[in-house]
Each structure stands twice: as C-alpha cells, then as structure tokens.
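Encoded as structure tokens, the structure appears first; notes follow it.
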Amino acid sequence: MNNSSYQQSFNGLFSSLLRWDDLSQFWKQLEQGEQNGWYIYAVGEPPPTTTASADTFNSFIQEIDQLLRREHDEHICGIVYTNHAVTPTMVKIYDPNNLGLSCGSSETPPLPGWVLSRELPVDLQPVQILPGNRKRWWRNLFS
C-alpha cells in the first residue's frame, strides 16, 4: 500500500455509527475480531510506523470510548465513522472538542482526532495544532 492508497481510503465512503448502542456493538466486534494489524494514529502527532499490539488496541478502544462518552454528552454519538460496518479497514474518530462540520458539508471539514487503519498512515497535516490536553491524554495512554 502506498500514500495515495491511504489517501484514497481516507477520502472514501464512510458511514456513521449514529447511536451509542451502535458504537458499543462496533467496539465489541473489533475487540472480538483480529486485533493485530491496526495502526492507531492521533492526527497532529507523527503517524505510527508500526501496528499496535492487541493489548494496546483493546486499551485504546476502552479509553477512547470513555473519552467520547464523557466529552460528547449528546443523545446520539454520530462522531465515529467506519468504511465498512462488518469488516472495517479504517475508522475515523472525531474529537468531541473539535467537531466543526464533521458531516463533510463544509468546504474544509475538520480532520478526525484519531484514525484506526489497516494501512500505514500518512501525515494528514492538520491545520490546527493539537491541544495540550489531547497531547497529554495521548501520551499518558501509551506511556
């Protein structure tokens, strides 16, 4: 896979996990599936060059779920998108504190806060600087 392949996947068709129950079921599906081979990319940090271990992957799923539920206090979720509900190869997770128009109706929709992918990520070069609290959360998660 090359950079253009990752960009094509990133810019492809995604569907929202609209309800919180949908998200819970999706996380469970990921945790029960093949957990090795996933890259975990915090947009604004350098892209990873190696895949996460199964333990790291599961820990990330648990931590990001807690963060989303705590900071996105809405009736619906609607900020996690997948390219395939059953066999995903890419998942975009939007930061509850930087949503803008994540539905893509804007000329320059915000980038997700995190991307899970089966392909080696490329630097998405965000225009906004990653806030200090997100950097600390990310670094504490993997320290």
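Please note that chains go A, B, ... in the order of the structure tokens, that every chain numbers its residues from 1, and that ligands are numbered from 1 in the order shown.
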
Hey, what's within 9 Å of range 35-43 of chain A if we count only C-alpha atoms and toss same-chain stuff fewer than 2 positions away? As number ranges by chain, please? A: 30-33, 45-55, 57-58, 60, 89-90, 111-121, 123-126, 130, 135, 138

May I have the selected residues written with C-alpha atoms, as a compact mmCIF listing (two decimals), in the first residue's frame?
```txt
# COMPACT_ATOMS: atom_id res chain seq x y z
CA LEU A 30 -13.46 -5.01 16.85
CA GLU A 31 -12.37 -6.46 20.19
CA GLN A 32 -13.60 -9.92 19.17
CA GLY A 33 -12.03 -9.73 15.71
CA GLU A 45 1.13 13.58 16.18
CA PRO A 46 3.62 11.81 13.91
CA PRO A 47 1.89 8.88 12.18
CA PRO A 48 2.80 5.48 13.63
CA THR A 49 5.19 3.28 11.70
CA THR A 50 4.18 0.03 13.38
CA THR A 51 0.87 -1.58 14.19
CA ALA A 52 -0.41 -1.68 17.74
CA SER A 53 -0.34 -4.86 19.81
CA ALA A 54 -3.68 -6.49 20.62
CA ASP A 55 -3.39 -5.23 24.22
CA PHE A 57 -5.51 -1.81 20.57
CA ASN A 58 -8.02 -3.01 23.17
CA PHE A 60 -7.22 2.32 23.13
CA THR A 89 -10.21 -1.34 7.43
CA MET A 90 -10.44 2.28 8.54
CA LEU A 111 -9.91 16.11 10.34
CA PRO A 112 -10.73 13.35 12.78
CA GLY A 113 -8.86 13.29 16.06
CA TRP A 114 -7.90 9.65 15.61
CA VAL A 115 -7.79 7.14 12.80
CA LEU A 116 -7.64 3.37 13.11
CA SER A 117 -6.46 1.76 9.90
CA ARG A 118 -5.08 -1.42 8.44
CA GLU A 119 -2.89 0.65 6.11
CA LEU A 120 0.23 2.54 7.12
CA PRO A 121 -0.99 6.10 7.80
CA ASP A 123 0.68 12.57 7.83
CA LEU A 124 -2.68 14.24 7.26
CA GLN A 125 -1.10 17.62 8.06
CA PRO A 126 -3.80 19.21 10.20
CA LEU A 130 -3.33 19.50 18.67
CA LYS A 135 -1.40 15.54 23.66
CA TRP A 138 -2.49 10.53 24.12
```

Residues within 9 Å of range 84-87 of chain A, please, as a list in words. Count only C-alpha atoms; anything in the same chain fewer than 5 positions from it doesn't count. Leu13, Phe14, Ser15, Leu17, Phe26 and Gln29 of chain A

Based on DSSP run over this structure's backbone, return all residues of range 33-135 of chain A in helix (DSSP H, G or I), as a list in words.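 Going through range 33-135 of chain A, the helix (DSSP H, G or I) residues come out as Ala54, Asp55, Thr56, Phe57, Asn58, Ser59, Phe60, Ile61, Gln62, Glu63, Ile64, Asp65, Gln66, Leu67, Leu68, Arg69, Arg70, Glu71, Gly132, Asn133, Arg134 and Lys135 of chain A.
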
I'd like the neighbourhood of Cys77 in chain A as a list in words, where a residue qualifies if any of its atoms comes within 6 Å (using only C-alpha atoms), though same-chain residues fewer than 3 positions away should be ignored.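 The residues satisfying every condition are Leu18, Arg19 and Trp20 of chain A.
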
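Using only C-alpha atoms for every distance, the candidate list A:Ser5, A:Ile76, A:Trp137, A:Gln25 yields A:Trp137 as the residue closest to Ile64 in chain A.
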
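Separating CA of Phe10 in chain A from CA of Thr82 in chain A is a distance of 10.1 Å.
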